[in-house]
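One structure is given below, encoded as structure tokens.
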Amino acid sequence: MGSSSVSSLNNLSLLRVNGLATGIDTESLVQQLMAAQRAPLDRLKQQRQTLEWTQEAYRTMNTTLLNFRNAAASMRLQSSFLINKVSSSNESVATATASGSAIGSVYDINVTQLASAAKAISSNGISNEKYVLTGQAITAPVAIDESSNSFKLKVGNETYDVSLDNGNYTAEELAGAINDKISGSGVTAFVASDGKLQFVSDSQFELLPATENDALSKLGFDVAADSSAKAVLKGIDLNESIDLMIKEGRLNGPSGGYGTNLSFAITTYNQDGTPLSKQFTFDATKQSLQDIINTVQKAGIGLSGFYDEASDKVMFTSKYTGKTNANGAGIEFSDSTGFISSTLNLAVTDGQNAKFTINGLETERKSNTFVINSVTFTLKSAGASTISIQQDTDAIVTKIKDFVNQYNDILDKINTALTEKRYRDYQPLTDEQKEAMTDKQIEQWEEKAKSGLLKSDSLLYKTFYDLRNAITTPVQGTTGDLNSLSKIGITTGLWYENGHLYIDETKLSEAVANDPDGVMQLFTKTSTSTDKTQAFNESGIAQRLYTVLGNAIDSITQKAGSTSSLVDNSMLGLRMRDIDTRITDMQDRLNDIENRYYQQFAAMEEAINNMNAQSAWLSQQLSVLSGK
């Protein structure tokens with residue numbers, strides 16, 4: 001057999017072609033041989049999967065413990081037991097809320113005056129309604145001659161024929177020339193800041209083209225021969241520039257407008273009397289009334305403002321109620337340009353304090369909401385009301401019941417994990433096994449495989465008994481006789497109920513009503529002892545549970561890690577990393593074994609192929625000899 005044939009077979013063996021010479025299913029044989037070799041790898045993967053499921057079970061339990069620890073954290077605070085209910089005999093006059101230290105208080109309130117904020121309001125309307133007609137911007141010079149020097153102005157029933165002198169005009173010169181011609185009509189022409197020619201009047205008017213020599217198109221008004229341009233009635237436009245509205249006569253102000261230096265200053269006072277001052281400067285040729293209102297509101301001096309179209313007035317209100325400025329009004333203006341006094345016509349009404357009597361004491365406050373004796377009062381109107389503060393026994397009982405239910409729930413979950421049946425015949429499925437099963441079958445199998453992973457777990461056993469011990473051990477050093485849960489109607493069930501707590505709600509309600517401080521101490525008492533055992537015995541129920549749960553969470557985290565950790569160095573995490581390394585090494589070894597099997601079969605194929613070739617050659621030679 002030649003070298004080319006050997007090379008060809010070697011290439012085929014690398015491609016793992018099934019037996020060409022023998023007809024043997026090499027692929028199937030190799031896979032059968034490898035199945036036995038892969039058994040240890042499958043066991044490693046199953047071990048790794050079991051560890052991962054166990055880690056998940058621990059972490060789920062830790063989340064449950066953490067939720068209960070948060071509840072214990074709340075119950076170890078005195079504020080959880082200092083709960084009041086507040087009633088008002090007349091809520092339209094006054095309402096209140098109270099902290100726990102206000103238990104058993106009654107307040108008779110007679111309101112004579114509510115607190116109000118300083119205001120600045122226009123003393124009368126600030127706008128004038130005008131008929132306005134605006135053309136398009138015109139470009140100077142405007143050439144006026146015999147072909148385009150006339151138009152008509154109609155005011156009411158009277159029509160004015162306007163003929164301009166020939167010449168080249170700027171926009172301002174045009175306005176002046178037109179005003180000379182229409183004097184007495186009540187209509188005034190001027191040029192706006194954007195170069196447009198405008199006509200303004202107190203009466204309705206319109207522009208009509210002249211029969212001949214029409215000049216309207218040169219003035220910026222394109223009006224058809226059989227039509228007219230009619231003025232529109234306008235009042236305040238919040239978004240038009242201040243100076244434009246002044247020139248149009250719609251807003252009071254100096255005849256030439258304020259220009260770029262419209263300025264004023266405002267001083268307000270917060271409730272402790274501290275002045276808040278701000279100087280404002282605006283470009284009235286560009287900025288509008290809304291721009292000014294917005295800027296004042298954002299200036300940090302505690303003012304809000306708006307323009308009311310119905311009343312045609314501007315209003316600014318301080319956010320601070322009461323008499324905030326002992327020497328004057330709560331809002332003060334320094335008006336160098338006259339905008340505040342002449343244009344907005346603002347007049348200040350000072351704020352006033354709330355005045356009332358409480359339990360016979362006549363007093364006042366700058367705000368309608370204030371605190372006396374840990375009670376927050378809110379005055380709403382003049383009149384009389386009685387505010388009563390009592391301990392909210394029902395709320396405290398409900399809080400304790402909820403806490404006990406959470407305790408029972410966590411004991412049930414721990415006990416379920418400790419006693420759940422373990423199906424050791426149900427190991428994690430291999431990839432080959434999953435391929436032969438449906439999704440439902442896989443789900444049912446894995447449900448049993450995950451069952452009982454924490455059965456008889458030592459960490460959970462310790463947590464279970466530590467929780468029970470924290471609940472049942474009497475609290476030492478209490479000022480009253482309420483040193484155990486049984487004293488307030490909370491008792492454990494029978495031995496086979498695994499520490500389940502039961503509540504005598506009547507007895508619990510009586511304990512809370514008769515000795516609220518004793519109930520509070522039972523849960524919240526703290527110890528200053530450095531001895532762990534003594535500190536435990538002297539601590540309240542919630543304090544103990546908080547400590548026990550914290551220790552349990554830390555222990556489980558050391559064993560199973562946390563989802564929030566970037567690197568898992570827990571016991572289970574390290575074991576899984578070790579198995580991952582072993583899996584990688586074993587996969588490399590199995591790949592080498594598999595390649596060796598294929599090489600052996602390839603060598604066998606090559607040898608048999610050589611033998612077949614030699615056999616064929618011998619047969620050929622014998623045939624030749626026998627033929628002679």
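Chain labels A, B, ... are given in the sequence in which chains occur in the structure tokens; within each chain residues are numbered consecutively from 1, and ligands are likewise numbered from 1 in the order shown.
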
Shell of 6 Å around Ala120 of chain A, only C-alpha atoms, local chain residues under 4 positions omitted, as an MDAnalysis selection string: chainID A and resid 315:316 346:348

Would you mind exporting the chosen residues as an mmCIF file, in the first residue's frame, restricted to C-alpha atoms?
```
data_model
loop_
_atom_site.group_PDB
_atom_site.id
_atom_site.type_symbol
_atom_site.label_atom_id
_atom_site.label_comp_id
_atom_site.auth_asym_id
_atom_site.auth_seq_id
_atom_site.Cartn_x
_atom_site.Cartn_y
_atom_site.Cartn_z
ATOM 1 C CA MET A 315 -50.818 89.152 42.935
ATOM 2 C CA PHE A 316 -47.723 88.115 44.869
ATOM 3 C CA LEU A 346 -49.190 96.795 43.731
ATOM 4 C CA ALA A 347 -50.447 97.509 47.243
ATOM 5 C CA VAL A 348 -49.235 95.408 50.184
#
```

Could you name the residues that touch segment 180-190 of chain A at 10 Å or less, counting only C-alpha atoms, but leaving out those on the same chain fewer than 6 positions away, as an MDAnalysis selection string? chainID A and resid 131:134 152:156 158:164 171:174 196:205 247:248

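Among the candidate residues A:Gln444, A:Thr95, A:Asn415, A:Thr430, the one lying nearest to Gly499 of chain A is A:Asn415, with distances computed using only C-alpha atoms.
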
Exercise: segment 42-48 of chain A partners within 10 Å, only C-alpha atoms, chain neighbours under 4 positions left out, as a PyMOL selection string: chain A and resi 35+37-38+52-54+427-432+572+575-580+582-583+586

Write the residues of the preceding selection, restricted to N, CA, C and O atoms, as an mmCIF file, in the first residue's frame.
```cif
data_model
loop_
_atom_site.group_PDB
_atom_site.id
_atom_site.type_symbol
_atom_site.label_atom_id
_atom_site.label_comp_id
_atom_site.auth_asym_id
_atom_site.auth_seq_id
_atom_site.Cartn_x
_atom_site.Cartn_y
_atom_site.Cartn_z
ATOM 1 N N ALA A 35 -19.242 6.347 28.272
ATOM 2 C CA ALA A 35 -20.323 6.451 29.262
ATOM 3 C C ALA A 35 -19.822 6.038 30.635
ATOM 4 O O ALA A 35 -20.119 6.685 31.648
ATOM 5 N N GLN A 37 -16.717 6.040 31.585
ATOM 6 C CA GLN A 37 -15.691 6.984 31.996
ATOM 7 C C GLN A 37 -16.303 8.282 32.549
ATOM 8 O O GLN A 37 -15.719 8.929 33.418
ATOM 9 N N ARG A 38 -17.494 8.665 32.012
ATOM 10 C CA ARG A 38 -18.112 9.926 32.419
ATOM 11 C C ARG A 38 -18.892 9.811 33.727
ATOM 12 O O ARG A 38 -19.332 10.823 34.269
ATOM 13 N N GLU A 52 -25.530 23.867 45.063
ATOM 14 C CA GLU A 52 -26.133 25.115 44.611
ATOM 15 C C GLU A 52 -27.571 25.236 45.115
ATOM 16 O O GLU A 52 -27.995 26.308 45.566
ATOM 17 N N TRP A 53 -28.342 24.140 45.048
ATOM 18 C CA TRP A 53 -29.711 24.157 45.572
ATOM 19 C C TRP A 53 -29.707 24.394 47.085
ATOM 20 O O TRP A 53 -30.553 25.115 47.610
ATOM 21 N N THR A 54 -28.759 23.788 47.767
ATOM 22 C CA THR A 54 -28.670 23.981 49.217
ATOM 23 C C THR A 54 -28.356 25.440 49.539
ATOM 24 O O THR A 54 -28.927 26.027 50.460
ATOM 25 N N GLN A 427 -31.584 12.189 42.706
ATOM 26 C CA GLN A 427 -30.402 13.034 42.546
ATOM 27 C C GLN A 427 -30.612 13.989 41.373
ATOM 28 O O GLN A 427 -31.473 13.769 40.516
ATOM 29 N N PRO A 428 -29.850 15.070 41.311
ATOM 30 C CA PRO A 428 -29.964 15.978 40.163
ATOM 31 C C PRO A 428 -29.789 15.226 38.850
ATOM 32 O O PRO A 428 -28.953 14.326 38.743
ATOM 33 N N LEU A 429 -30.586 15.601 37.864
ATOM 34 C CA LEU A 429 -30.563 14.919 36.566
ATOM 35 C C LEU A 429 -29.326 15.313 35.759
ATOM 36 O O LEU A 429 -28.883 16.467 35.790
ATOM 37 N N THR A 430 -28.788 14.333 35.032
ATOM 38 C CA THR A 430 -27.705 14.630 34.095
ATOM 39 C C THR A 430 -28.306 15.196 32.813
ATOM 40 O O THR A 430 -29.526 15.130 32.590
ATOM 41 N N ASP A 431 -27.457 15.743 31.962
ATOM 42 C CA ASP A 431 -27.944 16.296 30.698
ATOM 43 C C ASP A 431 -28.603 15.213 29.853
ATOM 44 O O ASP A 431 -29.638 15.451 29.199
ATOM 45 N N GLU A 432 -28.031 14.011 29.853
ATOM 46 C CA GLU A 432 -28.596 12.913 29.063
ATOM 47 C C GLU A 432 -29.965 12.513 29.597
ATOM 48 O O GLU A 432 -30.894 12.229 28.819
ATOM 49 N N LEU A 572 -20.025 26.996 51.330
ATOM 50 C CA LEU A 572 -20.593 26.330 50.155
ATOM 51 C C LEU A 572 -20.000 26.893 48.873
ATOM 52 O O LEU A 572 -19.792 26.156 47.897
ATOM 53 N N ARG A 575 -16.653 25.310 48.328
ATOM 54 C CA ARG A 575 -16.800 23.906 47.923
ATOM 55 C C ARG A 575 -17.212 23.814 46.450
ATOM 56 O O ARG A 575 -16.714 22.958 45.703
ATOM 57 N N MET A 576 -18.111 24.693 46.018
ATOM 58 C CA MET A 576 -18.537 24.671 44.620
ATOM 59 C C MET A 576 -17.402 25.069 43.689
ATOM 60 O O MET A 576 -17.255 24.506 42.605
ATOM 61 N N ARG A 577 -16.574 26.023 44.115
ATOM 62 C CA ARG A 577 -15.425 26.397 43.280
ATOM 63 C C ARG A 577 -14.439 25.241 43.167
ATOM 64 O O ARG A 577 -13.847 25.013 42.108
ATOM 65 N N ASP A 578 -14.249 24.493 44.266
ATOM 66 C CA ASP A 578 -13.364 23.323 44.230
ATOM 67 C C ASP A 578 -13.905 22.271 43.269
ATOM 68 O O ASP A 578 -13.150 21.695 42.472
ATOM 69 N N ILE A 579 -15.214 22.037 43.327
ATOM 70 C CA ILE A 579 -15.821 21.049 42.421
ATOM 71 C C ILE A 579 -15.719 21.544 40.980
ATOM 72 O O ILE A 579 -15.480 20.748 40.056
ATOM 73 N N ASP A 580 -15.895 22.850 40.756
ATOM 74 C CA ASP A 580 -15.762 23.390 39.393
ATOM 75 C C ASP A 580 -14.372 23.104 38.831
ATOM 76 O O ASP A 580 -14.225 22.749 37.647
ATOM 77 N N ARG A 582 -12.365 20.628 39.757
ATOM 78 C CA ARG A 582 -12.283 19.179 39.509
ATOM 79 C C ARG A 582 -13.046 18.800 38.249
ATOM 80 O O ARG A 582 -12.607 17.930 37.478
ATOM 81 N N ILE A 583 -14.195 19.437 38.014
ATOM 82 C CA ILE A 583 -14.974 19.155 36.790
ATOM 83 C C ILE A 583 -14.166 19.533 35.562
ATOM 84 O O ILE A 583 -14.110 18.789 34.575
ATOM 85 N N MET A 586 -11.393 17.009 35.068
ATOM 86 C CA MET A 586 -11.916 15.718 34.611
ATOM 87 C C MET A 586 -12.378 15.797 33.164
ATOM 88 O O MET A 586 -12.188 14.854 32.385
#
```

Need to verify the contact set: segment 326-341 of chain A, 10 Å, only C-alpha atoms, exclusion of same-chain residues closer than 3 positions in sequence. Can you return it as a PyMOL selection string? chain A and resi 117-120+122-123+252-254+258+261-271+273+275-279+301+303+316-318+320-323+344-352

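Within the 7 Å cut-off around segment 456-460 of chain A, using only C-alpha atoms and omitting residues fewer than 4 positions from it on the same chain, the listed residues are A:Ile414, A:Leu418, A:Thr419, A:Phe464.
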
Residue subset to file, keeping N, CA, C and O atoms, as a short mmCIF file (atom, residue, chain, number, x, y, z; two decimals), in the first residue's frame:
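Okay, this is what ended up in result.cif:
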```
data_model
loop_
_atom_site.label_atom_id
_atom_site.label_comp_id
_atom_site.auth_asym_id
_atom_site.auth_seq_id
_atom_site.Cartn_x
_atom_site.Cartn_y
_atom_site.Cartn_z
N ILE A 414 -39.06 27.49 59.57
CA ILE A 414 -37.84 26.80 60.01
C ILE A 414 -38.14 25.35 60.29
O ILE A 414 -37.38 24.44 59.89
N LEU A 418 -36.60 21.92 58.60
CA LEU A 418 -35.90 20.92 59.42
C LEU A 418 -36.51 19.52 59.28
O LEU A 418 -35.80 18.52 59.46
N THR A 419 -37.80 19.44 58.99
CA THR A 419 -38.49 18.14 58.97
C THR A 419 -38.89 17.68 57.58
O THR A 419 -39.47 16.60 57.44
N PHE A 464 -33.78 27.92 65.68
CA PHE A 464 -35.12 27.55 66.16
C PHE A 464 -35.18 27.64 67.69
O PHE A 464 -36.07 28.28 68.26
#
```

Residues of segment 244-389 of chain A classed as alpha helix (DSSP H) by DSSP on the backbone are to be reported as an NGL selection string. :A and (244-247 or 289-297)

Of A:Gln587, A:Ile121, A:Thr378, A:Val624, the one sitting nearest Asp308 of chain A when using only C-alpha atoms is A:Ile121

Smallest atom-to-atom distance to Leu65 of chain A: which of A:Met245, A:Ala511, A:Ile410, A:Leu566, using only C-alpha atoms?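 Smallest distance to Leu65 of chain A is found for A:Ile410.
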
Work out how far apart atom CA of Ile471 of chain A and atom CA of Thr491 of chain A are and give it in Å to one decimal. 9.7 Å

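Interatomic distance, atom CA of Ser116 of chain A to atom CA of Lys319 of chain A: 9.5 Å.
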
Secondary structure check, strand (DSSP E) residues of segment 390-538 of chain A, as a ChimeraX atom specification: /A:390-391,490-492,501-503

Residue neighbourhood Lys399 of chain A, 12 Å, only C-alpha atoms, exclusion window fewer than 3 positions, as a list of chain:residue names: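 Once the nearby chain positions are removed, what remains is A:Ala71, A:Ala72, A:Ser74, A:Met75, A:Ser79, A:Ser80, A:Phe81, A:Leu82, A:Ile83, A:Asp392, A:Thr393, A:Asp394, A:Ala395, A:Ile396, A:Asp402, A:Phe403, A:Val404, A:Asn405, A:Gln406, A:Leu508, A:Ser509, A:Val512, A:Met520, A:Phe523.
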
Quick one: residues within 12 Å of segment 526-543 of chain A, only C-alpha atoms counted, chain neighbours fewer than 5 positions away excluded, as a ChimeraX atom specification? /A:68-78,80,400,403-404,407,466-479,482-485,518-521,548-550

Of the candidates A:Ser228, A:Asn551, A:Asn157, A:Thr139, which shows the shortest atom-to-atom distance to Thr170 of chain A, using only C-alpha atoms? A:Thr139

Hey, which of A:Ile109, A:Ala552, A:Leu114, A:Leu29 ends up closest to Met61 of chain A? Count only C-alpha atoms.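 Comparing A:Ile109, A:Ala552, A:Leu114, A:Leu29 against Met61 of chain A, the winner is A:Ala552.
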
Pairwise distance for atom CA of Met571 of chain A and atom CA of Gln55 of chain A, rounded to one decimal in Å: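 Those two atoms sit 9.7 Å apart.
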